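Notes for the one structure printed next.
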Amino acid sequence: MEAHLVLRQLPKEERPRERLLRYGAEALSNAELLAILLRTGTANESAVKLAGKVLAACGGLRHLTDMTVEQLTAIKGIGPAKALQLKAGIELGRRLSRSRLEDAPQIRSPRDAAELVRDELRFLTKEHFIVLFLNTKNRVIGKETMSIGSLNASIVHPREVFRSAIQRNSASIICAHNHPSGDPTPSPEDIDVTRRLSEAGRLLGIELLDHIIIADQSHVSLKELGCV
């Protein structure tokens with residue numbers, strides 16, 4: 001029986017499963033992620049090396065999705081079982097991506113954005129500054145609380161906001177925060193932060209679409225007030 005070099009035979013620090021547990025999936029290379037799907041390598045190469053060979057054969061991860069089972073099994077070390085494992089993993093990824101896009105809320109107006117965050121913000125006793133990250137179709141692809149406390153330029157810095165936007169490959173952002181007083185009228189600090197974020201967004205090519213202030217029963221759009 002042909003011996004296979006399995007992942008547990010690698011030095012511990014090189015095992016992709018252990019690296020995933022320790023550092024998270026984002027820290028793994030494409031070859032390491034594929035190696036976890038493949039599970040084993042061959043007598044002469046580890047699963048990670050075999051995964052690298054698969055990526056080289058198909059011309060990169062983007063083209064792996066187009067590979068048929070027959071094309072995959074033509075790669076030395078990839079039998080029918082491994083080919084089917086890869087095809088199943090690719091299809092799950094496609095379905096997940098499709099379901100996320102279809103389920104993601106689409107922002108068409110300031111009211112849409114306000115309704116999306118109102119229940120989360122309306123009863124908080126401190127100001128929470130939230131950023132919604134959007135794709136090119138104005139669908140929400142992420143949300144992050146950037147600060148808690150009275151809003152000012154030292155707490156909400158464009159560097160932190162747009163670092164997160166770049167990491168998520170966002171096309172645009174919408175900011176929102178609450179006024180625990182119940183009065184959504186923007187303060188001078190609200191306007192200053194909005195203008196700073198808008199200017200930074202123009203420089204980076206990531207547009208600030210709006211800044212929404214949430215009160216208990218109402219909201220104010222700084223876009224509609226001409227501050228964006």
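Every chain in the structure tokens has a letter given in the order shown (A, B, ...), and although residue numbers restart at 1 in each chain, ligands are simply numbered from 1 in the order shown.
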
Quick one: residues within 12 Å of A:Val161, only C-alpha atoms, excluding same-chain residues fewer than 5 positions away - as a PyMOL selection string? chain A and resi 129-133+143-147+153+155-156+166-168+170+172-175+193-194+196-198+200-201+204+206-208

Among stretch 2-223 of chain A, which residues carry a DSSP assignment of alpha helix (DSSP H), reported as JSON, numbers by chain? {"A": [16, 17, 18, 19, 20, 21, 22, 23, 30, 31, 32, 33, 34, 35, 36, 37, 38, 47, 48, 49, 50, 51, 52, 53, 54, 55, 56, 57, 58, 61, 62, 63, 64, 69, 70, 71, 72, 73, 80, 81, 82, 83, 84, 85, 86, 87, 88, 89, 90, 91, 92, 93, 94, 95, 96, 97, 98, 99, 100, 101, 102, 103, 110, 111, 112, 113, 114, 115, 116, 117, 118, 119, 120, 121, 158, 159, 160, 161, 162, 163, 164, 165, 166, 167, 188, 189, 190, 191, 192, 193, 194, 195, 196, 197, 198, 199, 200, 201, 202, 203, 204]}

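Residues of stretch 4-158 of chain A carrying a DSSP assignment of strand (DSSP E), computed from the backbone, are His128, Phe129, Ile130, Val131, Leu132, Phe133, Leu134, Val140, Ile141, Gly142, Lys143, Glu144, Thr145, Met146, Ser147 and Ile148 of chain A.
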
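The protein and nucleic acid residues lying at most 9 Å from stretch 37-41 of chain A are His4, Leu5, Val6, Leu7, Glu32, Leu33, Glu45, Ser46, Ala47, Val48, Lys49, Leu50, Ala51, Gly77, Ile78, Ala81, Lys82, Ala83, Gln85, Leu86 and Gly89 of chain A, with only C-alpha atoms considered and sequence neighbours fewer than 4 positions away removed.
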
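Close contacts of A:Arg111, defined as residues with an atom at most 10 Å away when counting only C-alpha atoms, with chain neighbours fewer than 2 positions off set aside, comprise Ile107, Arg108, Ser109, Ala113, Ala114, Glu115, Leu116, Arg118, Ile212, Ser218, His219, Val220 and Ser221 of chain A.
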
Just-selected residues, C-alpha atoms written as an mmCIF file, in the first residue's frame:
data_model
loop_
_atom_site.group_PDB
_atom_site.id
_atom_site.type_symbol
_atom_site.label_atom_id
_atom_site.label_comp_id
_atom_site.auth_asym_id
_atom_site.auth_seq_id
_atom_site.Cartn_x
_atom_site.Cartn_y
_atom_site.Cartn_z
ATOM 1 C CA ILE A 107 -29.440 50.629 1.499
ATOM 2 C CA ARG A 108 -31.534 52.811 -0.804
ATOM 3 C CA SER A 109 -32.231 55.759 1.491
ATOM 4 C CA ALA A 113 -29.827 52.819 7.131
ATOM 5 C CA ALA A 114 -31.609 54.220 10.175
ATOM 6 C CA GLU A 115 -33.985 51.276 10.405
ATOM 7 C CA LEU A 116 -31.084 48.854 10.155
ATOM 8 C CA ARG A 118 -32.237 51.792 15.215
ATOM 9 C CA ILE A 212 -27.156 58.975 10.541
ATOM 10 C CA SER A 218 -36.470 59.773 15.035
ATOM 11 C CA HIS A 219 -33.262 60.165 13.089
ATOM 12 C CA VAL A 220 -31.330 62.816 11.189
ATOM 13 C CA SER A 221 -29.325 62.307 7.991
#

Among listed residues A:Val54, A:Ala171, A:Ile148, A:His211, nearest A:Asn135 (using only C-alpha atoms): A:Ala171

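If you measure from each of A:Thr136, A:Thr125, A:Leu34, A:Ala56 to A:Lys87 using only C-alpha atoms, the closest one turns out to be A:Leu34.
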